[in-house]
$ cat structure-v9.txt   # compact mmCIF, C-alpha atoms
# COMPACT_ATOMS: atom_id res chain seq x y z
CA MET A 7 -215.00 73.56 -70.04
CA ALA A 8 -213.90 71.80 -73.18
CA GLY A 9 -216.35 71.54 -76.02
CA THR A 10 -217.82 75.03 -75.75
CA ALA A 11 -217.75 78.08 -77.96
CA LEU A 12 -218.82 81.61 -77.16
CA VAL A 13 -221.18 83.62 -79.25
CA PRO A 14 -218.84 86.52 -80.02
CA ALA A 15 -221.37 89.34 -79.80
CA ARG A 16 -219.49 91.12 -77.05
CA SER A 17 -216.63 88.82 -76.08
CA THR A 18 -214.06 90.37 -78.44
CA ALA A 19 -214.58 93.89 -77.15
CA VAL A 20 -214.55 92.84 -73.55
CA SER A 21 -211.46 90.66 -73.95
CA LYS A 22 -209.39 93.62 -75.14
CA LYS A 23 -210.25 95.72 -72.11
CA MET A 24 -211.31 93.93 -68.95
CA LEU A 25 -212.02 90.29 -69.70
CA PHE A 26 -208.83 88.72 -68.38
CA PRO A 27 -208.63 90.84 -65.20
CA LEU A 28 -212.31 90.19 -64.55
CA LEU A 29 -211.81 86.45 -64.88
CA LEU A 30 -208.44 86.21 -63.17
CA VAL A 31 -209.17 88.17 -59.99
CA PRO A 32 -211.59 85.43 -58.83
CA MET A 33 -208.90 82.86 -59.70
CA PHE A 34 -206.48 84.77 -57.48
CA LEU A 35 -209.06 84.65 -54.68
CA GLY A 36 -209.40 80.91 -55.23
CA GLY A 37 -205.63 80.47 -55.07
CA VAL A 38 -205.44 82.43 -51.84
CA ASP A 39 -208.29 80.42 -50.35
CA SER A 40 -206.61 77.13 -51.30
CA THR A 41 -203.81 77.80 -48.78
CA LEU A 42 -205.03 80.62 -46.52
CA PHE A 43 -207.21 78.71 -44.07
CA ASN A 44 -205.08 75.58 -44.31
CA SER A 45 -202.24 77.64 -42.88
CA ILE A 46 -204.07 79.47 -40.06
CA ALA A 47 -206.72 76.94 -38.99
CA TYR A 48 -205.05 76.54 -35.58
CA ASP A 49 -205.11 80.31 -35.01
CA LEU A 50 -208.82 80.95 -35.59
CA PRO A 51 -210.37 81.11 -32.10
CA VAL A 52 -213.81 79.83 -33.09
CA LEU A 53 -212.49 76.58 -34.54
CA THR A 54 -211.60 73.72 -32.22
CA GLY A 55 -210.77 70.05 -32.71
CA SER A 56 -212.05 68.49 -35.90
CA TRP A 57 -213.96 71.66 -36.81
CA ARG A 58 -210.68 72.95 -38.22
CA LEU A 59 -210.66 70.15 -40.76
CA TRP A 60 -214.35 70.53 -41.55
CA PHE A 61 -213.98 74.28 -42.07
CA ILE A 62 -211.35 73.64 -44.75
CA ASP A 63 -212.88 70.50 -46.22
CA GLY A 64 -216.44 71.82 -46.41
CA TYR A 65 -215.27 74.12 -49.20
CA THR A 66 -213.54 71.40 -51.20
CA ILE A 67 -216.29 68.81 -50.68
CA ALA A 68 -218.84 71.21 -52.17
CA LEU A 69 -216.43 72.14 -54.97
CA ALA A 70 -215.68 68.51 -55.88
CA SER A 71 -219.35 67.51 -55.98
CA SER A 72 -220.66 70.52 -57.92
CA VAL A 73 -217.94 71.76 -60.27
CA VAL A 74 -219.33 69.76 -63.21
CA LEU A 75 -222.89 70.75 -62.27
CA GLY A 76 -221.69 74.36 -62.40
CA SER A 77 -220.50 73.91 -65.98
CA ARG A 78 -223.86 72.41 -66.95
CA LEU A 79 -225.69 75.36 -65.40
CA GLY A 80 -223.37 77.72 -67.23
CA ALA A 81 -224.20 76.04 -70.50
CA ARG A 82 -227.91 76.65 -69.86
CA THR A 83 -227.88 80.18 -68.46
CA GLY A 84 -224.70 81.53 -70.01
CA PRO A 85 -221.27 81.83 -68.35
CA GLY A 86 -221.75 85.53 -67.59
CA VAL A 87 -224.86 84.90 -65.49
CA THR A 88 -223.29 81.89 -63.82
CA LEU A 89 -220.09 83.79 -63.02
CA ALA A 90 -222.00 86.69 -61.48
CA THR A 91 -224.16 84.29 -59.45
CA GLY A 92 -221.12 82.36 -58.26
CA LEU A 93 -219.35 85.55 -57.20
CA LEU A 94 -222.42 86.71 -55.26
CA VAL A 95 -222.73 83.35 -53.45
CA PHE A 96 -218.97 83.30 -52.80
CA ALA A 97 -219.04 86.85 -51.40
CA VAL A 98 -221.98 86.31 -49.03
CA ALA A 99 -220.55 83.02 -47.75
CA ALA A 100 -217.03 84.46 -47.41
CA ALA A 101 -218.23 87.34 -45.21
CA SER A 102 -220.63 85.29 -43.08
CA PRO A 103 -218.08 83.94 -40.55
CA ALA A 104 -217.29 87.51 -39.54
CA LEU A 105 -220.89 87.82 -38.33
CA LEU A 106 -221.26 84.34 -36.83
CA GLY A 107 -219.77 82.82 -33.71
CA SER A 108 -219.94 79.03 -33.76
CA PRO A 109 -217.82 76.45 -35.59
CA ALA A 110 -220.92 74.76 -37.02
CA THR A 111 -222.18 77.95 -38.68
CA TRP A 112 -218.68 78.81 -39.89
CA THR A 113 -218.40 75.38 -41.51
CA ALA A 114 -221.86 75.65 -43.09
CA THR A 115 -220.82 78.87 -44.82
CA ARG A 116 -217.76 77.13 -46.23
CA PHE A 117 -219.94 74.53 -47.93
CA VAL A 118 -221.92 77.35 -49.54
CA GLN A 119 -218.74 79.16 -50.51
CA GLY A 120 -217.40 76.01 -52.18
CA PHE A 121 -220.53 75.79 -54.31
CA GLY A 122 -220.10 79.44 -55.28
CA TYR A 123 -216.51 78.82 -56.32
CA ALA A 124 -217.62 75.80 -58.40
CA LEU A 125 -219.83 78.18 -60.39
CA ILE A 126 -216.95 80.62 -60.72
CA VAL A 127 -214.30 78.19 -61.91
CA SER A 128 -216.59 76.46 -64.40
CA SER A 129 -217.66 79.83 -65.83
CA VAL A 130 -214.09 81.07 -66.17
CA ALA A 131 -213.13 77.82 -67.93
CA SER A 132 -216.06 78.21 -70.32
CA VAL A 133 -215.29 81.84 -71.17
CA ILE A 134 -211.57 81.25 -71.73
CA GLY A 135 -212.14 78.00 -73.62
CA GLY A 136 -214.66 79.74 -75.88
CA LEU A 137 -212.44 82.65 -76.94
CA PRO A 138 -212.30 82.75 -80.77
CA GLU A 139 -208.51 82.92 -81.18
CA THR A 140 -206.12 80.14 -80.19
CA ALA A 141 -203.56 82.69 -78.97
CA GLU A 142 -206.17 84.27 -76.68
CA ARG A 143 -207.12 80.89 -75.23
CA THR A 144 -203.48 79.94 -74.65
CA LEU A 145 -202.79 83.27 -72.98
CA GLY A 146 -205.91 82.92 -70.85
CA TYR A 147 -205.02 79.47 -69.55
CA SER A 148 -201.42 80.50 -68.88
CA LEU A 149 -202.54 83.57 -66.94
CA TRP A 150 -205.08 81.45 -65.07
CA ILE A 151 -202.41 79.03 -63.82
CA THR A 152 -199.99 81.82 -62.98
CA THR A 153 -202.58 83.91 -61.15
CA TYR A 154 -203.87 80.95 -59.14
CA SER A 155 -200.31 79.96 -58.19
CA ILE A 156 -199.46 83.50 -57.07
CA GLY A 157 -202.59 83.52 -54.92
CA ALA A 158 -201.73 80.13 -53.44
CA GLY A 159 -198.24 81.34 -52.57
CA ALA A 160 -199.58 84.55 -51.04
CA GLY A 161 -202.27 82.80 -48.96
CA PRO A 162 -200.12 81.70 -45.99
CA LEU A 163 -198.33 85.06 -45.84
CA ILE A 164 -201.59 87.01 -45.95
CA GLY A 165 -203.16 84.77 -43.33
CA ARG A 166 -200.21 84.95 -40.94
CA ALA A 167 -199.89 88.73 -41.34
CA PHE A 168 -203.54 89.39 -40.45
CA VAL A 169 -203.54 86.86 -37.61
CA ASP A 170 -200.41 88.46 -36.12
CA MET A 171 -202.14 91.87 -36.31
CA GLY A 172 -205.20 90.47 -34.54
CA ALA A 173 -207.37 91.32 -37.56
CA TYR A 174 -208.34 87.85 -38.79
CA THR A 175 -211.95 88.96 -39.47
CA LEU A 176 -210.64 91.02 -42.39
CA LEU A 177 -209.77 87.71 -44.03
CA PHE A 178 -213.53 87.22 -44.41
CA TRP A 179 -214.50 90.78 -45.38
CA LEU A 180 -211.82 91.54 -47.99
CA PRO A 181 -212.50 88.57 -50.32
CA ALA A 182 -216.22 89.30 -50.04
CA VAL A 183 -215.80 92.93 -51.11
CA ILE A 184 -213.56 91.96 -54.04
CA ALA A 185 -215.94 89.21 -55.15
CA LEU A 186 -218.92 91.59 -55.00
CA ALA A 187 -217.09 94.13 -57.15
CA CYS A 188 -216.19 91.45 -59.69
CA GLY A 189 -219.77 90.18 -59.65
CA ALA A 190 -221.12 93.65 -60.43
CA LEU A 191 -218.68 93.99 -63.34
CA ALA A 192 -219.53 90.50 -64.62
CA THR A 193 -223.23 91.41 -64.59
CA LEU A 194 -222.55 94.56 -66.62
CA LEU A 195 -219.98 93.24 -69.08
CA LEU A 196 -220.67 89.54 -69.54
CA ARG A 197 -224.43 89.22 -69.28
CA ASP A 198 -224.87 88.91 -73.07
CA ILE A 199 -222.22 86.21 -73.55
CA SER A 200 -223.74 82.81 -74.20
CA LEU A 201 -222.49 79.40 -75.32
CA GLY A 202 -223.03 78.74 -78.98
CA ARG A 203 -222.70 75.00 -78.37
CA ALA A 204 -221.95 72.87 -75.34
CA SER A 205 -221.10 69.25 -74.70
CA SER A 206 -224.07 68.94 -72.34
CA THR A 207 -226.68 71.12 -70.67
CA LYS A 208 -228.33 68.46 -68.52
CA ALA A 209 -228.27 69.67 -64.91
CA ASP A 210 -228.20 66.36 -63.02
CA VAL A 211 -228.79 67.77 -59.54
CA SER A 212 -229.62 64.36 -58.05
CA SER A 213 -226.22 62.95 -59.02
CA SER A 214 -224.49 66.01 -57.60
CA VAL A 215 -226.36 65.57 -54.30
CA LEU A 216 -225.34 61.90 -54.16
CA ALA A 217 -221.71 62.83 -54.81
CA PHE A 218 -221.89 65.49 -52.10
CA LEU A 219 -223.35 63.13 -49.48
CA GLY A 220 -221.10 60.21 -50.33
CA PHE A 221 -217.89 62.19 -50.47
CA GLY A 222 -218.82 64.13 -47.33
CA LEU A 223 -219.38 60.90 -45.36
CA LEU A 224 -216.12 59.43 -46.66
CA VAL A 225 -214.20 62.52 -45.57
CA ALA A 226 -215.92 62.35 -42.18
CA GLY A 227 -214.61 58.83 -41.79
CA LEU A 228 -211.06 60.00 -42.43
CA GLN A 229 -211.18 62.81 -39.91
CA SER A 230 -210.48 62.63 -36.20
CA HIS A 231 -213.88 63.69 -34.83
CA GLY A 232 -215.91 61.18 -32.83
CA ALA A 233 -215.47 57.55 -31.85
CA ALA A 234 -213.61 55.13 -34.10
CA PHE A 235 -216.77 53.07 -34.74
CA GLY A 236 -218.64 56.17 -35.87
CA ARG A 237 -215.86 57.12 -38.27
CA VAL A 238 -215.77 53.65 -39.76
CA LEU A 239 -219.56 53.71 -40.13
CA ALA A 240 -219.36 57.12 -41.86
CA ALA A 241 -216.69 55.88 -44.26
CA VAL A 242 -218.66 52.74 -45.12
CA GLY A 243 -221.82 54.79 -45.60
CA GLY A 244 -219.95 57.20 -47.84
CA CYS A 245 -218.63 54.36 -49.98
CA ALA A 246 -222.17 52.95 -50.26
CA VAL A 247 -223.60 56.28 -51.41
CA LEU A 248 -220.74 56.73 -53.88
CA ALA A 249 -221.49 53.24 -55.21
CA VAL A 250 -225.08 54.34 -55.86
CA PHE A 251 -223.71 57.45 -57.56
CA CYS A 252 -221.49 55.31 -59.81
CA LEU A 253 -224.38 53.00 -60.73
CA ARG A 254 -226.46 56.04 -61.63
CA GLN A 255 -223.66 57.34 -63.85
CA LEU A 256 -223.21 53.96 -65.56
CA ARG A 257 -226.90 53.88 -66.45
CA SER A 258 -227.03 57.48 -67.65
CA ARG A 259 -226.67 58.36 -71.31
CA ASP A 260 -225.24 61.71 -70.27
CA PRO A 261 -223.37 61.09 -66.98
CA LEU A 262 -222.26 63.90 -64.74
CA ILE A 263 -218.94 62.06 -64.27
CA ASP A 264 -218.24 59.25 -66.73
CA VAL A 265 -217.06 56.64 -64.24
CA ARG A 266 -216.55 54.18 -67.09
CA MET A 267 -213.28 56.02 -67.65
CA LEU A 268 -212.06 55.01 -64.18
CA GLY A 269 -211.14 51.41 -64.83
CA PHE A 270 -207.42 51.01 -64.18
CA SER A 271 -206.53 52.25 -67.63
CA ARG A 272 -204.44 55.23 -68.56
CA LEU A 273 -207.32 57.47 -67.48
CA GLY A 274 -207.70 55.72 -64.14
CA ALA A 275 -203.98 55.87 -63.45
CA CYS A 276 -203.82 59.57 -64.32
CA SER A 277 -206.85 60.33 -62.15
CA LEU A 278 -205.20 58.50 -59.26
CA ALA A 279 -202.03 60.56 -59.74
CA LEU A 280 -204.06 63.79 -59.77
CA VAL A 281 -205.85 62.85 -56.55
CA VAL A 282 -202.61 61.91 -54.78
CA GLY A 283 -200.70 64.96 -56.04
CA SER A 284 -203.48 67.34 -55.04
CA ALA A 285 -203.77 65.64 -51.63
CA CYS A 286 -200.02 65.94 -51.01
CA TYR A 287 -200.23 69.65 -51.78
CA THR A 288 -203.17 70.64 -49.59
CA GLY A 289 -202.22 68.20 -46.85
CA SER A 290 -198.64 69.48 -46.72
CA VAL A 291 -199.81 73.08 -46.44
CA PHE A 292 -202.04 72.13 -43.51
CA LEU A 293 -199.41 69.97 -41.82
CA PHE A 294 -196.47 72.34 -42.14
CA SER A 295 -198.57 75.26 -40.89
CA ALA A 296 -199.70 73.45 -37.74
CA GLU A 297 -196.65 74.56 -35.77
CA ALA A 298 -195.91 77.83 -37.59
CA ASP A 299 -196.25 80.94 -35.44
CA SER A 300 -194.62 83.73 -37.46
CA LEU A 301 -194.15 85.02 -40.99
CA LEU A 302 -190.66 83.53 -41.06
CA SER A 303 -191.82 80.06 -40.06
CA ILE A 304 -194.62 80.12 -42.65
CA LEU A 305 -192.28 80.95 -45.56
CA PRO A 306 -191.57 77.30 -46.51
CA VAL A 307 -195.32 76.80 -46.87
CA SER A 308 -195.70 79.93 -48.96
CA VAL A 309 -192.96 79.05 -51.44
CA LEU A 310 -194.44 75.56 -51.87
CA ALA A 311 -196.77 77.05 -54.51
CA LEU A 312 -193.74 78.46 -56.33
CA TRP A 313 -192.14 75.03 -56.50
CA VAL A 314 -195.43 73.53 -57.75
CA SER A 315 -195.43 76.04 -60.62
CA LEU A 316 -191.79 75.23 -61.35
CA GLY A 317 -192.66 71.52 -61.41
CA GLY A 318 -195.40 72.18 -63.96
CA PHE A 319 -192.91 74.07 -66.13
CA ALA A 320 -190.36 71.25 -65.78
CA PHE A 321 -192.92 68.71 -67.03
CA HIS A 322 -193.35 70.55 -70.33
CA LYS A 323 -189.58 70.49 -70.79
CA LEU A 324 -189.21 66.80 -69.91
CA GLN A 325 -192.30 65.13 -71.36
CA SER A 326 -190.68 64.45 -74.73
CA ARG A 327 -187.77 62.60 -73.08
CA PHE A 328 -189.56 60.26 -70.69
CA THR A 329 -192.52 57.91 -70.85
CA PRO A 330 -195.80 58.79 -69.09
CA VAL A 331 -195.44 56.07 -66.47
CA HIS A 332 -191.91 57.15 -65.59
CA MET A 333 -193.00 60.78 -65.23
CA LEU A 334 -195.82 59.84 -62.87
CA GLN A 335 -193.73 57.40 -60.88
CA VAL A 336 -190.76 59.70 -60.43
CA SER A 337 -192.89 62.74 -59.58
CA LEU A 338 -194.90 60.91 -56.91
CA ALA A 339 -191.72 59.30 -55.59
CA THR A 340 -190.31 62.82 -55.28
CA CYS A 341 -193.38 63.78 -53.21
CA ALA A 342 -192.76 60.79 -50.95
CA LEU A 343 -189.10 61.74 -50.58
CA GLY A 344 -190.14 65.29 -49.72
CA LEU A 345 -192.48 64.07 -46.99
CA ALA A 346 -189.72 61.91 -45.54
CA THR A 347 -187.39 64.91 -45.69
CA ALA A 348 -189.93 66.92 -43.69
CA ALA A 349 -189.83 64.26 -41.00
CA PHE A 350 -186.07 63.89 -40.69
CA VAL A 351 -184.34 66.94 -42.26
CA GLY A 352 -186.36 70.15 -42.44
CA LEU A 353 -189.16 72.04 -44.13
CA TRP A 354 -187.16 74.04 -46.66
CA PRO A 355 -185.76 71.07 -48.64
CA ALA A 356 -189.05 69.22 -48.08
CA SER A 357 -190.98 72.12 -49.58
CA LEU A 358 -188.81 72.03 -52.71
CA LEU A 359 -189.15 68.27 -53.22
CA ILE A 360 -192.89 68.13 -52.54
CA GLY A 361 -193.55 71.16 -54.74
CA LEU A 362 -191.59 69.81 -57.69
CA GLY A 363 -193.15 66.37 -57.31
CA VAL A 364 -196.68 67.75 -57.06
CA GLY A 365 -196.14 70.13 -59.99
CA VAL A 366 -194.87 67.42 -62.33
CA SER A 367 -197.45 64.83 -61.24
CA MET A 368 -200.39 67.20 -61.66
CA ALA A 369 -199.17 68.58 -65.00
CA SER A 370 -198.42 65.11 -66.35
CA GLY A 371 -201.71 63.72 -65.05
CA ASP A 372 -203.61 66.55 -66.75
CA ALA A 373 -201.75 66.18 -70.04
CA TYR A 374 -201.98 62.40 -70.27
CA LEU A 375 -205.60 62.24 -69.16
CA LEU A 376 -206.81 64.84 -71.66
CA GLY A 377 -204.49 63.54 -74.36
CA SER A 378 -205.68 59.92 -74.10
CA VAL A 379 -209.21 60.44 -75.36
CA PRO A 380 -210.67 61.33 -78.76
CA PRO A 381 -211.90 64.91 -79.25
CA LYS A 382 -215.53 63.94 -78.64
CA ASP A 383 -214.66 62.75 -75.11
CA VAL A 384 -212.43 65.65 -74.05
CA ALA A 385 -215.24 67.39 -72.14
CA ARG A 386 -215.91 64.26 -70.06
CA ALA A 387 -212.20 63.79 -69.43
CA ALA A 388 -211.96 67.43 -68.33
CA ALA A 389 -214.81 66.86 -65.87
CA LEU A 390 -212.95 63.85 -64.50
CA GLN A 391 -209.77 65.93 -64.23
CA GLU A 392 -211.40 68.81 -62.34
CA THR A 393 -213.22 66.46 -59.98
CA SER A 394 -210.03 64.46 -59.28
CA LEU A 395 -208.16 67.61 -58.26
CA ALA A 396 -210.97 68.78 -55.97
CA VAL A 397 -211.36 65.31 -54.42
CA GLY A 398 -207.61 65.19 -53.73
CA ALA A 399 -207.72 68.64 -52.11
CA ALA A 400 -210.34 67.50 -49.60
CA LEU A 401 -208.78 64.11 -48.93
CA GLY A 402 -205.38 65.72 -48.31
CA VAL A 403 -206.62 67.94 -45.50
CA ALA A 404 -208.80 65.20 -44.00
CA GLY A 405 -206.09 62.54 -44.22
CA PHE A 406 -203.12 64.63 -43.11
CA GLY A 407 -205.23 66.35 -40.45
CA GLY A 408 -206.61 63.09 -39.08
CA LEU A 409 -203.13 61.55 -38.94
CA PHE A 410 -201.74 64.64 -37.24
CA ALA A 411 -204.48 64.49 -34.61
CA ALA A 412 -203.73 60.80 -34.04
CA THR A 413 -199.92 60.99 -33.97
CA GLY A 414 -199.55 64.46 -32.47
CA SER A 415 -196.45 65.18 -34.54
CA VAL A 416 -195.50 66.48 -37.95
CA ALA A 417 -192.81 63.79 -38.28
CA GLY A 418 -195.18 60.90 -37.55
CA THR A 419 -197.74 62.21 -40.04
CA ALA A 420 -195.09 62.78 -42.70
CA VAL A 421 -193.70 59.25 -42.33
CA THR A 422 -197.15 57.66 -42.56
CA THR A 423 -198.09 59.63 -45.67
CA THR A 424 -194.71 58.78 -47.20
CA VAL A 425 -195.63 55.11 -46.97
CA ILE A 426 -199.07 55.73 -48.52
CA VAL A 427 -197.62 57.64 -51.48
CA ALA A 428 -194.96 54.95 -51.93
CA VAL A 429 -197.72 52.32 -52.17
CA VAL A 430 -199.39 54.38 -54.92
CA VAL A 431 -196.07 54.58 -56.78
CA GLY A 432 -195.73 50.82 -56.53
CA THR A 433 -199.28 50.38 -57.82
CA LEU A 434 -198.51 52.52 -60.86
CA ARG A 435 -195.35 50.54 -61.49
CA CYS A 436 -197.13 47.20 -61.30
CA ASN A 437 -199.75 48.48 -63.77
CA ARG A 438 -197.42 50.39 -66.06
CA GLY A 439 -198.57 48.36 -69.03
CA VAL A 440 -201.77 50.41 -69.24
CA PHE A 441 -199.74 53.34 -70.57
CA MET A 442 -198.69 51.26 -73.55
CA ALA A 443 -202.27 50.48 -74.59

$ encode --input "structure-v9.txt" --output "structure tokens"
Amino acid sequence: MAGTALVPARSTAVSKKMLFPLLLVPMFLGGVDSTLFNSIAYDLPVLTGSWRLWFIDGYTIALASSVVLGSRLGARTGPGVTLATGLLVFAVAAASPALLGSPATWTATRFVQGFGYALIVSSVASVIGGLPETAERTLGYSLWITTYSIGAGAGPLIGRAFVDMGAYTLLFWLPAVIALACGALATLLLRDISLGRASSTKADVSSSVLAFLGFGLLVAGLQSHGAAFGRVLAAVGGCAVLAVFCLRQLRSRDPLIDVRMLGFSRLGACSLALVVGSACYTGSVFLFSAEADSLLSILPVSVLALWVSLGGFAFHKLQSRFTPVHMLQVSLATCALGLATAAFVGLWPASLLIGLGVGVSMASGDAYLLGSVPPKDVARAAALQETSLAVGAALGVAGFGGLFAATGSVAGTAVTTTVIVAVVVGTLRCNRGVFMA
């Protein structure tokens, strides 16, 4: 997390030998997980109906509501301890479905696994952000993005390969074994690393619980499980709990998420773009995988991560030539065009357009959000950024999955989401003056 520095007692020695591999292997696991179960949810025999969506979303709901809490815990106990703890929790939860036989217990383990990954990602961010040399930090962040993207691209291929072999339980055991090995190494090599200073060490568990309950109810309202009245009631209840969460943050001197940044300003617009871009990514992976039944048919989903990485690279080449509002508008419009292409043309061109649009929108949203605040507020902006991405990931699966269950077709879902993204683009255009402030 921004605003931290590592006490360099052992960090220099470790960084020259095993630090980056130790940090990046869990990021690869996270990248794989971000697309793996999205792409094979319809092939896991235990999951039926809306449990498929809950199995995927349980992970991202827990991640969205606890990623900032994880950074606060890391600031108190040290990132080495937090990383090892997160890896242990992740490993136990990842392996549990192989020993359980009901969709409810499978989904419960995914909530726990999401919390474990929140500890992991916040610890990795703290360690990389606290490296003493600028070149080391730049290299670390670049490798992080690359490693995560490679994992995301490999996820659908790995999932389809193991499902076709009838060995889907290995998809639970293998990540657990790798995470346990990384946790043992983190305990040995990183236990003495601590944060010399941190933006905040207040562990506001109550706010995290409110965010978890509110966001979980909101996602439940978007999904297809249960009667329409029950879903509406869940969504309304979720909004009410989130309102209480926001009031708590407004009254706090050290908020978990500084919701005062979310007025429709440059920060609010960028956060909206991050949520929509992340939702288009995870939702598209889920939607395009719904009818895939072979390695060949899953390839467009797999290369989607490649196009997202290419979009992020394109942003850095184009940002000096175009205004922030144009970058966000065009990138999200490209996502909308890609979704429409999926409905009427085919998945290969759709994958390219959605990937490029998502990559540019997420990279531009990150850059403009973090670049629009003074140095003293960067840590709070980073918390808003990480939470926006995780919220979008959950809403994408819930929204796309719920629409797919209602329409029964990829084309119908793609058209509906095209309209939603187009509305967001129009909203950004109507409020483009905030980028000039």

$ closest_residue --input "structure-v9.txt" --among "A:Gln119, A:Ser290, A:Thr66, A:Thr83" --to "Ala185 in chain A" --atoms "all atoms listed in the file"
A:Gln119

$ closest_residue --input "structure-v9.txt" --among "A:Ala97, A:Leu401, A:Val331, A:Ile156" --to "Gly227 in chain A" --atoms "only C-alpha atoms"
A:Leu401

$ closest_residue --input "structure-v9.txt" --among "A:Gly236, A:Ala99, A:Gly243, A:Leu353" --to "Val183 in chain A" --atoms "all atoms listed in the file"
A:Ala99

$ closest_residue --input "structure-v9.txt" --among "A:Ser378, A:Ser128, A:Asn437, A:Ser367" --to "Leu69 in chain A" --atoms "only C-alpha atoms"
A:Ser128

$ atom_distance --input "structure-v9.txt" --atom1 "CA of Phe117 in chain A" --atom2 "CA of Tyr65 in chain A"
4.9 Å

$ residues_around --input "structure-v9.txt" --residues "range 21-35 of chain A" --least-positions-apart "6" --cutoff "8 Å" --atoms "all atoms listed in the file" --output "PyMOL selection string"
chain A and resi 93+126-127+130+146+149-150+153-158+181+185+188+191-192

$ residues_around --input "structure-v9.txt" --residues "Val74 in chain A" --least-positions-apart "3" --cutoff "7 Å" --atoms "only C-alpha atoms" --output "PyMOL selection string"
chain A and resi 77-78+262+389

$ residues_near_point --input "structure-v9.txt" --point "(-198.0, 59.4, -48.8)" --cutoff "12 Å" --atoms "only C-alpha atoms" --output "ChimeraX atom specification"
/A:279,281-287,289-290,338-346,360,364,401-402,405-406,409,418-432

$ atom_distance --input "structure-v9.txt" --atom1 "CA of Val247 in chain A" --atom2 "CA of Val73 in chain A"
18.7 Å

$ residues_around --input "structure-v9.txt" --residues "Leu301 in chain A" --least-positions-apart "5" --cutoff "9 Å" --atoms "only C-alpha atoms" --output "list of chain:residue names"
A:Pro162, A:Leu163, A:Arg166, A:Ala167, A:Asp170

$ atom_distance --input "structure-v9.txt" --atom1 "CA of Ser315 in chain A" --atom2 "CA of Met333 in chain A"
16.1 Å

$ axis_aligned_box --input "structure-v9.txt" --around "range 241-255 of chain A" --padding-each-side "5 Å" --output "AutoDock Vina command-line options"
--center_x -221.6 --center_y 55.1 --center_z -54.1 --size_x 19.8 --size_y 14.7 --size_z 29.6

$ closest_residue --input "structure-v9.txt" --among "A:Leu50, A:Ala404, A:Met267, A:Ala173" --to "Phe292 in chain A" --atoms "all atoms listed in the file"
A:Ala404

$ closest_residue --input "structure-v9.txt" --among "A:Val403, A:Leu125, A:Ala369, A:Val309" --to "Ala47 in chain A" --atoms "only C-alpha atoms"
A:Val403

$ residues_around --input "structure-v9.txt" --residues "Thr113 in chain A" --least-positions-apart "2" --cutoff "12 Å" --atoms "all atoms listed in the file" --output "ChimeraX atom specification"
/A:43,52-54,56-68,99-100,102-103,106-111,115-120

$ write_last_selection --input "structure-v9.txt" --atoms "C-alpha atoms" --output "PDB file, keeping the file's coordinate frame"
ATOM      1  CA  PHE A  43    -207.210  78.710 -44.070  1.00  0.00           C
ATOM      2  CA  VAL A  52    -213.810  79.830 -33.090  1.00  0.00           C
ATOM      3  CA  LEU A  53    -212.490  76.580 -34.540  1.00  0.00           C
ATOM      4  CA  THR A  54    -211.600  73.720 -32.220  1.00  0.00           C
ATOM      5  CA  SER A  56    -212.050  68.490 -35.900  1.00  0.00           C
ATOM      6  CA  TRP A  57    -213.960  71.660 -36.810  1.00  0.00           C
ATOM      7  CA  ARG A  58    -210.680  72.950 -38.220  1.00  0.00           C
ATOM      8  CA  LEU A  59    -210.660  70.150 -40.760  1.00  0.00           C
ATOM      9  CA  TRP A  60    -214.350  70.530 -41.550  1.00  0.00           C
ATOM     10  CA  PHE A  61    -213.980  74.280 -42.070  1.00  0.00           C
ATOM     11  CA  ILE A  62    -211.350  73.640 -44.750  1.00  0.00           C
ATOM     12  CA  ASP A  63    -212.880  70.500 -46.220  1.00  0.00           C
ATOM     13  CA  GLY A  64    -216.440  71.820 -46.410  1.00  0.00           C
ATOM     14  CA  TYR A  65    -215.270  74.120 -49.200  1.00  0.00           C
ATOM     15  CA  THR A  66    -213.540  71.400 -51.200  1.00  0.00           C
ATOM     16  CA  ILE A  67    -216.290  68.810 -50.680  1.00  0.00           C
ATOM     17  CA  ALA A  68    -218.840  71.210 -52.170  1.00  0.00           C
ATOM     18  CA  ALA A  99    -220.550  83.020 -47.750  1.00  0.00           C
ATOM     19  CA  ALA A 100    -217.030  84.460 -47.410  1.00  0.00           C
ATOM     20  CA  SER A 102    -220.630  85.290 -43.080  1.00  0.00           C
ATOM     21  CA  PRO A 103    -218.080  83.940 -40.550  1.00  0.00           C
ATOM     22  CA  LEU A 106    -221.260  84.340 -36.830  1.00  0.00           C
ATOM     23  CA  GLY A 107    -219.770  82.820 -33.710  1.00  0.00           C
ATOM     24  CA  SER A 108    -219.940  79.030 -33.760  1.00  0.00           C
ATOM     25  CA  PRO A 109    -217.820  76.450 -35.590  1.00  0.00           C
ATOM     26  CA  ALA A 110    -220.920  74.760 -37.020  1.00  0.00           C
ATOM     27  CA  THR A 111    -222.180  77.950 -38.680  1.00  0.00           C
ATOM     28  CA  THR A 115    -220.820  78.870 -44.820  1.00  0.00           C
ATOM     29  CA  ARG A 116    -217.760  77.130 -46.230  1.00  0.00           C
ATOM     30  CA  PHE A 117    -219.940  74.530 -47.930  1.00  0.00           C
ATOM     31  CA  VAL A 118    -221.920  77.350 -49.540  1.00  0.00           C
ATOM     32  CA  GLN A 119    -218.740  79.160 -50.510  1.00  0.00           C
ATOM     33  CA  GLY A 120    -217.400  76.010 -52.180  1.00  0.00           C
TER      34      GLY A 120
END
